[in-house]
Structures are given as structure tokens and as C-alpha cells.
$ cat start-v6.txt   # compact mmCIF, C-alpha atoms
# COMPACT_ATOMS: atom_id res chain seq x y z
CA GLN A 153 -5.46 -16.24 -7.87
CA LEU A 154 -3.30 -13.88 -5.86
CA GLN A 155 -4.78 -10.41 -5.47
CA LEU A 156 -3.56 -7.31 -3.66
CA GLN A 157 -5.63 -4.28 -2.71
CA GLU A 158 -4.40 -0.97 -1.34
CA ALA A 159 -6.48 0.98 1.17
CA GLY A 160 -6.04 4.26 2.96
CA PRO A 161 -6.82 7.99 2.93
CA GLY A 162 -6.68 9.68 -0.44
CA LEU A 163 -5.81 13.04 1.09
CA VAL A 164 -3.09 13.75 3.65
CA LYS A 165 -2.08 17.13 5.04
CA PRO A 166 1.52 18.34 4.72
CA SER A 167 3.77 17.31 7.63
CA GLU A 168 1.40 14.50 8.59
CA THR A 169 1.84 10.74 8.14
CA LEU A 170 0.70 8.80 5.10
CA SER A 171 -0.55 5.33 6.05
CA LEU A 172 -1.62 2.64 3.61
CA ASN A 173 -2.53 -1.01 3.96
CA CYS A 174 -2.26 -3.74 1.37
CA SER A 175 -4.57 -6.70 1.80
CA VAL A 176 -3.46 -9.93 0.18
CA SER A 177 -5.84 -12.68 -0.88
CA GLY A 178 -5.13 -15.99 -2.56
CA TYR A 179 -1.74 -16.42 -0.90
CA SER A 180 -0.47 -16.44 2.67
CA ILE A 181 2.14 -13.77 3.29
CA SER A 182 3.79 -16.02 5.87
CA SER A 183 4.54 -18.57 3.13
CA GLY A 184 7.32 -16.43 1.71
CA TYR A 185 8.26 -13.81 -0.91
CA ASN A 186 8.90 -10.13 -0.35
CA TRP A 187 6.07 -7.61 -0.13
CA GLY A 188 6.67 -4.05 -1.18
CA TRP A 189 5.54 -0.59 -2.15
CA ILE A 190 6.17 1.39 -5.33
CA ARG A 191 4.85 4.82 -6.19
CA GLN A 192 4.42 6.95 -9.30
CA PRO A 193 4.08 10.71 -9.06
CA ARG A 194 1.85 12.18 -11.77
CA GLY A 195 3.76 12.48 -15.01
CA ARG A 196 6.83 10.75 -13.64
CA GLY A 197 8.29 7.27 -13.46
CA LEU A 198 8.09 4.44 -10.98
CA GLU A 199 9.93 4.75 -7.68
CA TRP A 200 10.66 1.84 -5.38
CA ILE A 201 9.77 2.71 -1.78
CA GLY A 202 10.79 -0.48 -0.04
CA HIS A 203 9.90 -4.07 0.66
CA THR A 204 9.73 -6.49 3.52
CA TYR A 205 10.08 -10.22 3.95
CA HIS A 206 7.37 -12.01 5.90
CA SER A 207 9.82 -12.31 8.77
CA GLY A 208 9.88 -8.54 9.04
CA THR A 209 13.29 -7.84 7.50
CA THR A 210 12.92 -4.61 5.58
CA TYR A 211 14.73 -2.71 2.84
CA TYR A 212 14.05 0.92 2.03
CA ASN A 213 14.86 3.44 -0.68
CA PRO A 214 17.76 5.46 0.75
CA SER A 215 16.12 8.67 -0.46
CA LEU A 216 13.21 7.99 1.92
CA LYS A 217 15.08 6.46 4.80
CA GLY A 218 14.13 7.94 8.10
CA ARG A 219 10.58 8.67 6.94
CA VAL A 220 9.42 5.27 5.72
CA SER A 221 8.39 2.13 7.52
CA ILE A 222 6.90 -1.09 6.17
CA SER A 223 5.39 -3.71 8.46
CA VAL A 224 3.70 -7.04 8.06
CA ASP A 225 0.63 -8.39 9.86
CA THR A 226 0.54 -12.10 9.05
CA SER A 227 -2.60 -12.62 11.17
CA ARG A 228 -4.52 -10.29 8.84
CA ASN A 229 -2.49 -11.28 5.76
CA GLN A 230 -1.67 -7.69 5.03
CA PHE A 231 1.27 -5.33 5.06
CA SER A 232 1.45 -1.61 5.62
CA LEU A 233 3.29 1.53 4.60
CA SER A 234 3.91 4.52 6.81
CA LEU A 235 5.55 7.68 5.42
CA THR A 236 6.05 10.53 7.85
CA SER A 237 6.44 14.28 7.36
CA VAL A 238 4.88 14.23 3.91
CA THR A 239 5.10 17.10 1.43
CA ALA A 240 3.51 17.77 -1.93
CA ALA A 241 6.37 15.78 -3.47
CA ASP A 242 4.88 12.65 -1.92
CA THR A 243 1.70 13.02 -3.97
CA ALA A 244 1.57 9.91 -6.13
CA VAL A 245 -0.22 6.72 -7.04
CA TYR A 246 0.93 4.14 -4.52
CA TYR A 247 1.09 0.48 -5.52
CA CYS A 248 1.66 -2.55 -3.36
CA GLY A 249 3.16 -5.64 -4.89
CA ARG A 250 4.75 -9.04 -4.41
CA ARG A 251 8.45 -9.24 -5.19
CA ASP A 252 9.79 -12.62 -6.26
CA GLY A 253 13.24 -14.13 -5.89
CA TYR A 254 14.41 -12.54 -9.15
CA ASN A 255 13.61 -8.99 -8.02
CA ALA A 256 10.48 -8.89 -10.17
CA PHE A 257 7.22 -7.52 -8.82
CA ASP A 258 4.99 -10.22 -10.28
CA PHE A 259 1.68 -9.21 -8.71
CA TRP A 260 0.45 -5.65 -8.16
CA GLY A 261 -2.48 -3.92 -6.56
CA GLN A 262 -4.55 -1.56 -8.67
CA GLY A 263 -2.91 1.45 -7.05
CA THR A 264 -4.32 4.25 -4.94
CA LEU A 265 -3.85 7.97 -5.43
CA VAL A 266 -2.65 9.84 -2.38
CA THR A 267 -2.65 13.62 -2.54
CA VAL A 268 -0.74 15.72 -0.05
CA SER A 269 -2.51 19.04 0.36
CA SER A 270 -3.88 21.27 3.07
CA GLN B 564 24.33 4.31 -7.73
CA SER B 565 23.56 6.79 -10.45
CA GLY B 566 20.25 5.43 -11.61
CA LEU B 567 19.13 3.59 -14.71
CA THR B 568 18.91 5.64 -17.90
CA GLN B 569 16.31 4.92 -20.56
CA PRO B 570 15.40 6.90 -23.67
CA ALA B 571 12.36 9.05 -23.02
CA SER B 572 10.58 7.80 -26.10
CA VAL B 573 10.80 5.37 -28.98
CA SER B 574 8.46 4.72 -31.86
CA GLY B 575 7.88 2.17 -34.58
CA SER B 576 5.35 1.06 -37.14
CA PRO B 577 3.24 -2.07 -36.82
CA GLY B 578 5.26 -5.16 -37.66
CA GLN B 579 8.60 -3.50 -37.01
CA SER B 580 11.00 -4.22 -34.15
CA ILE B 581 12.20 -1.74 -31.56
CA THR B 582 14.78 -1.89 -28.81
CA ILE B 583 14.75 0.04 -25.54
CA SER B 584 18.03 0.43 -23.70
CA CYS B 585 18.61 0.68 -19.96
CA THR B 586 22.05 1.90 -18.96
CA GLY B 587 23.59 1.98 -15.52
CA THR B 588 26.75 1.21 -13.63
CA ALA B 589 28.03 -2.15 -12.48
CA SER B 590 26.84 -1.21 -8.99
CA ASP B 591 23.37 -0.40 -10.33
CA PHE B 592 23.04 -3.93 -11.72
CA GLY B 593 24.63 -5.62 -8.73
CA THR B 594 25.91 -9.16 -8.59
CA TYR B 595 22.87 -11.15 -9.58
CA ASN B 596 21.82 -9.51 -12.88
CA TYR B 597 18.24 -9.34 -11.65
CA VAL B 598 16.99 -7.06 -14.43
CA SER B 599 13.26 -6.87 -14.99
CA TRP B 600 11.15 -5.04 -17.54
CA TYR B 601 7.61 -3.76 -17.00
CA GLN B 602 4.90 -2.73 -19.40
CA HIS B 603 2.64 0.00 -18.03
CA HIS B 604 -0.58 1.07 -19.62
CA PRO B 605 -1.84 4.23 -17.84
CA GLY B 606 -4.67 3.48 -15.47
CA ASN B 607 -3.50 -0.09 -14.91
CA PRO B 608 -0.76 -1.47 -12.68
CA PRO B 609 2.58 -2.28 -14.33
CA LYS B 610 3.01 -5.80 -15.66
CA VAL B 611 6.31 -7.68 -15.58
CA ILE B 612 7.22 -8.90 -19.06
CA ILE B 613 10.87 -9.89 -18.53
CA PHE B 614 12.66 -11.05 -15.38
CA ALA B 615 16.27 -12.05 -14.69
CA VAL B 616 17.45 -10.27 -17.86
CA SER B 617 15.89 -12.52 -20.47
CA ASN B 618 13.14 -14.67 -18.98
CA ARG B 619 9.48 -14.28 -19.87
CA PRO B 620 6.74 -14.98 -17.33
CA SER B 621 4.08 -17.44 -18.37
CA GLY B 622 1.59 -15.81 -20.70
CA VAL B 623 3.88 -13.07 -22.01
CA SER B 624 4.26 -12.99 -25.76
CA SER B 625 7.48 -14.31 -27.28
CA ARG B 626 7.64 -11.01 -29.19
CA PHE B 627 9.20 -9.58 -26.03
CA SER B 628 12.83 -10.43 -25.38
CA GLY B 629 15.53 -9.14 -23.06
CA SER B 630 19.28 -9.12 -23.03
CA LYS B 631 22.20 -7.49 -21.28
CA SER B 632 25.70 -6.58 -22.36
CA GLY B 633 28.05 -4.96 -19.92
CA ASN B 634 26.16 -2.24 -18.09
CA THR B 635 23.34 -1.94 -20.60
CA ALA B 636 20.18 -4.03 -20.55
CA SER B 637 17.86 -4.05 -23.52
CA LEU B 638 14.24 -4.89 -24.26
CA THR B 639 13.33 -5.80 -27.81
CA ILE B 640 9.77 -5.95 -29.07
CA SER B 641 9.36 -7.61 -32.44
CA GLY B 642 6.33 -7.53 -34.70
CA LEU B 643 5.03 -4.34 -33.10
CA GLN B 644 1.31 -4.24 -32.47
CA ALA B 645 -0.94 -1.34 -31.52
CA GLU B 646 -1.51 -2.86 -28.09
CA ASP B 647 2.21 -2.58 -27.36
CA GLU B 648 1.86 1.20 -27.06
CA ALA B 649 2.66 1.82 -23.41
CA ASP B 650 5.35 2.97 -21.01
CA TYR B 651 8.20 0.55 -20.37
CA TYR B 652 10.42 0.48 -17.29
CA CYS B 653 13.57 -1.45 -16.52
CA SER B 654 14.42 -2.38 -12.95
CA SER B 655 17.50 -3.76 -11.23
CA PHE B 656 18.67 -5.06 -7.89
CA THR B 657 21.73 -3.09 -6.87
CA SER B 658 24.86 -4.03 -5.00
CA ASP B 659 23.49 -1.94 -2.11
CA ILE B 660 20.52 -4.31 -1.87
CA THR B 661 18.09 -1.73 -3.17
CA VAL B 662 15.76 -1.71 -6.14
CA LEU B 663 16.13 0.78 -8.98
CA PHE B 664 13.68 1.68 -11.70
CA GLY B 665 14.67 3.39 -14.90
CA GLY B 666 13.02 6.65 -15.84
CA GLY B 667 10.68 4.94 -18.28
CA THR B 668 10.30 4.93 -22.05
CA LYS B 669 7.12 5.85 -23.88
CA LEU B 670 6.56 3.58 -26.87
CA THR B 671 4.44 4.98 -29.66
CA VAL B 672 3.16 2.66 -32.36
CA LEU B 673 2.79 4.81 -35.47

$ encode --input "start-v6.txt" --output "C-alpha cells"
Amino acid sequence: QLQLQEAGPGLVKPSETLSLNCSVSGYSISSGYNWGWIRQPRGRGLEWIGHTYHSGTTYYNPSLKGRVSISVDTSRNQFSLSLTSVTAADTAVYYCGRRDGYNAFDFWGQGTLVTVSS
Amino acid sequence: QSGLTQPASVSGSPGQSITISCTGTASDFGTYNYVSWYQHHPGNPPKVIIFAVSNRPSGVSSRFSGSKSGNTASLTISGLQAEDEADYYCSSFTSDITVLFGGGTKLTVL
């Protein structure tokens, strides 16, 4: 059974870089599909951050472009999120997920809360 | 893109049917009509319940159905049950090759 698990610091200082990893088990990233990140600020809705194909082709939310980067490490079967120059507005639960060919995120990690605060 | 608009809340009694709308522009829905719906119980990750407008993943109850007319997608839940109380989100694949989520709808089962 495919499982995803987010990992990274739960607290990031303003202006610093938020970095998260998503470890995938039960499926080889290099076999296909897109792998992406979604976040949910407290009390608000879901926001797509971006996704990447196993080849490394990436797509990002235009509202975050310039600050966001998603990369894949097929040797470790994981993918990563980097968000630079964070502010309190980036405080959210961050989910990683697998995106299928119909634009549906069919498998999700449990989510990890990242708080931006000094 | 202007974003996908959903009602903030809907409610219904057990056994009733409810429909949640998701309105956007033609650009918001893109060329492929890849509209998905997610059920989100707080504290758990979202779960896809409809993909490609009207398709149910294996294991999802047939009480959930999706449709689309023009620039409005809809999720209908029939035979409401207490366990259906959750937040529901629509999602699309836009003509700009980006992914949009609607603002979410809180379903209350009375």
C-alpha cells in the first residue's frame, strides 16, 4: 500500500527557508505519476503549491513562483519542498501527495504543521 | 483565472440529498474537465471522492456523485449520513496548467 510521510522542522523563522521532505513507500517514484505539495492555513482552504513529475518537470502556483522549488530524489524515493523568504502567511499544515493523470491527488501524507515565527 | 467559488456552508438532515456547487471560468476548468472533489475531516488528510467530473474511486460510496454543466461543477450527496459531515473541496486543472482548489464548503448534517 502506497504511503507518504512528510518530515521537516515545525518552526521556521521569518525570512528563512522552509524545507520539507516527503518519503514515499510502497511505490517507486521513478515509475511515474506526479508528486506534489498542498497546504492549508489554519481556518482556511486548501492551496496547491506545486507538483513535479519523476523526470523533474515542475509546475508551481503562480502566487508562489520565485519562492518555491520542488525536487525529486529517486534514489531515496522521496521528493522535497523548499519555500524561501517565509512570512507568517506561510504558516500552514503542509501535505504531500500523489497526483494521478486525472489531476486527482489520490494518496496523501498525514500532513505536518509548519509555523513561521521568531 | 479567478478561482473556484463554492458556498461556504450547506446543511441537510439524515437521509436527504444535498448539492455543492463549484463555479469558475472556462479557463479555470481548462480543456480536459479534470474536476475532482475531496472530503476533508479535520485532523485527517483530504480524501478524493470524485475525479474527472463524475468518476468515483474504488471504495467510495455510490451516494456521492459529480457532474458539470458549463462552468459549474457539482457534487451531490444522497442519503445523507452523520459521517458525511466534513469540509468538501472542488479542484480543477486550468488552461494555464495549474491546479485550483475551491474555497471549501462545510457540510453540516442536522

$ atom_distance --input "start-v6.txt" --atom1 "CA of Gln153 (chain A)" --atom2 "CA of Gly178 (chain A)"
5.3 Å

$ residues_around --input "start-v6.txt" --residues "Val268 (chain A)" --least-positions-apart "5" --cutoff "10 Å" --atoms "all atoms listed in the file" --output "list in words"
Gly162, Leu163, Val164, Lys165, Pro166, Ser167, Glu168, Thr169, Leu170, Val238, Thr239, Ala240, Ala241, Asp242, Thr243 and Ala244 of chain A

$ atom_distance --input "start-v6.txt" --atom1 "CA of Thr568 (chain B)" --atom2 "CA of Thr661 (chain B)"
16.5 Å

$ closest_atom_pairs --input "start-v6.txt" --of "chain B" --to "chain A" --cutoff "8 Å" --atoms "only C-alpha atoms" --output "JSON lines"
{"residue": "B:Tyr597", "atom": "CA", "partner": "A:Tyr254", "partner_atom": "CA", "distance": 5.6}
{"residue": "B:Val598", "atom": "CA", "partner": "A:Asn255", "partner_atom": "CA", "distance": 7.5}
{"residue": "B:Ser599", "atom": "CA", "partner": "A:Ala256", "partner_atom": "CA", "distance": 5.9}
{"residue": "B:Asn607", "atom": "CA", "partner": "A:Gln262", "partner_atom": "CA", "distance": 6.5}
{"residue": "B:Pro608", "atom": "CA", "partner": "A:Gln262", "partner_atom": "CA", "distance": 5.5}
{"residue": "B:Pro609", "atom": "CA", "partner": "A:Trp260", "partner_atom": "CA", "distance": 7.3}
{"residue": "B:Lys610", "atom": "CA", "partner": "A:Asp258", "partner_atom": "CA", "distance": 7.2}
{"residue": "B:Val611", "atom": "CA", "partner": "A:Asp258", "partner_atom": "CA", "distance": 6.0}
{"residue": "B:Phe614", "atom": "CA", "partner": "A:Ala256", "partner_atom": "CA", "distance": 6.0}
{"residue": "B:Ala615", "atom": "CA", "partner": "A:Tyr254", "partner_atom": "CA", "distance": 5.9}
{"residue": "B:Tyr652", "atom": "CA", "partner": "A:Leu198", "partner_atom": "CA", "distance": 7.8}
{"residue": "B:Ser655", "atom": "CA", "partner": "A:Asn255", "partner_atom": "CA", "distance": 7.3}
{"residue": "B:Phe656", "atom": "CA", "partner": "A:Asn255", "partner_atom": "CA", "distance": 6.4}
{"residue": "B:Ile660", "atom": "CA", "partner": "A:Tyr211", "partner_atom": "CA", "distance": 7.6}
{"residue": "B:Thr661", "atom": "CA", "partner": "A:Asn213", "partner_atom": "CA", "distance": 6.6}
{"residue": "B:Val662", "atom": "CA", "partner": "A:Trp200", "partner_atom": "CA", "distance": 6.3}
{"residue": "B:Leu663", "atom": "CA", "partner": "A:Trp200", "partner_atom": "CA", "distance": 6.6}
{"residue": "B:Phe664", "atom": "CA", "partner": "A:Leu198", "partner_atom": "CA", "distance": 6.3}
{"residue": "B:Gly665", "atom": "CA", "partner": "A:Gly197", "partner_atom": "CA", "distance": 7.6}
{"residue": "B:Gly666", "atom": "CA", "partner": "A:Gly197", "partner_atom": "CA", "distance": 5.3}
{"residue": "B:Gly667", "atom": "CA", "partner": "A:Gly197", "partner_atom": "CA", "distance": 5.9}

$ atom_distance --input "start-v6.txt" --atom1 "CA of Lys669 (chain B)" --atom2 "CA of Arg191 (chain A)"
17.9 Å

$ residues_around --input "start-v6.txt" --residues "Gly184 (chain A)" --least-positions-apart "5" --cutoff "12 Å" --atoms "all atoms listed in the file" --output "PyMOL selection string"
chain A and resi 179+204-209+224+226+229+250-253

$ residues_around --input "start-v6.txt" --residues "Ile581 (chain B)" --least-positions-apart "3" --cutoff "7 Å" --atoms "all atoms listed in the file" --output "list in words"
Gly575, Thr639, Ile640 and Ser641 of chain B

$ residues_near_point --input "start-v6.txt" --point "(6.3, -9.8, -29.9)" --cutoff "9 Å" --atoms "all atoms listed in the file" --output "list in words"
Ser580, Val623, Ser624, Ser625, Arg626, Phe627, Ser628, Thr639, Ile640, Ser641, Gly642, Leu643, Gln644 and Asp647 of chain B

$ write_last_selection --input "start-v6.txt" --atoms "C-alpha atoms" --output "JSON list (two decimals), in the frame of the given file"
[["chain", "number", "residue", "atom", "x", "y", "z"],
["B", 580, "SER", "CA", 11.00, -4.22, -34.15],
["B", 623, "VAL", "CA", 3.88, -13.07, -22.01],
["B", 624, "SER", "CA", 4.26, -12.99, -25.76],
["B", 625, "SER", "CA", 7.48, -14.31, -27.28],
["B", 626, "ARG", "CA", 7.64, -11.01, -29.19],
["B", 627, "PHE", "CA", 9.20, -9.58, -26.03],
["B", 628, "SER", "CA", 12.83, -10.43, -25.38],
["B", 639, "THR", "CA", 13.33, -5.80, -27.81],
["B", 640, "ILE", "CA", 9.77, -5.95, -29.07],
["B", 641, "SER", "CA", 9.36, -7.61, -32.44],
["B", 642, "GLY", "CA", 6.33, -7.53, -34.70],
["B", 643, "LEU", "CA", 5.03, -4.34, -33.10],
["B", 644, "GLN", "CA", 1.31, -4.24, -32.47],
["B", 647, "ASP", "CA", 2.21, -2.58, -27.36]]

$ closest_residue --input "start-v6.txt" --among "B:Ser574, B:Ser584, B:Gln569, B:Gln579" --to "Thr671 (chain B)" --atoms "all atoms listed in the file"
B:Ser574

$ residues_around --input "start-v6.txt" --residues "Thr586 (chain B)" --least-positions-apart "3" --cutoff "6 Å" --atoms "all atoms listed in the file" --output "mmCIF file with C-alpha atoms, keeping the file's coordinate frame"
data_model
loop_
_atom_site.group_PDB
_atom_site.id
_atom_site.type_symbol
_atom_site.label_atom_id
_atom_site.label_comp_id
_atom_site.auth_asym_id
_atom_site.auth_seq_id
_atom_site.Cartn_x
_atom_site.Cartn_y
_atom_site.Cartn_z
ATOM 1 C CA LEU B 567 19.130 3.590 -14.710
ATOM 2 C CA THR B 568 18.910 5.640 -17.900
ATOM 3 C CA ASN B 634 26.160 -2.240 -18.090
ATOM 4 C CA THR B 635 23.340 -1.940 -20.600
#

$ axis_aligned_box --input "start-v6.txt" --around "region 173-191 of chain A" --padding-each-side "3 Å" --output "lines of an AutoDock Vina configuration file"
center_x = 1.5
center_y = -6.9
center_z = -0.2
size_x = 20.7
size_y = 29.4
size_z = 18.1

$ closest_residue --input "start-v6.txt" --among "A:Ser175, A:Pro161, A:Leu265, A:Ser215" --to "Ser227 (chain A)" --atoms "all atoms listed in the file"
A:Ser175

$ closest_residue --input "start-v6.txt" --among "A:Cys174, A:Val266, A:Leu216, A:Leu154" --to "Arg228 (chain A)" --atoms "all atoms listed in the file"
A:Cys174

$ closest_residue --input "start-v6.txt" --among "A:Ser223, A:Ser237, A:Ser232, A:Ser270" --to "Thr210 (chain A)" --atoms "all atoms listed in the file"
A:Ser223
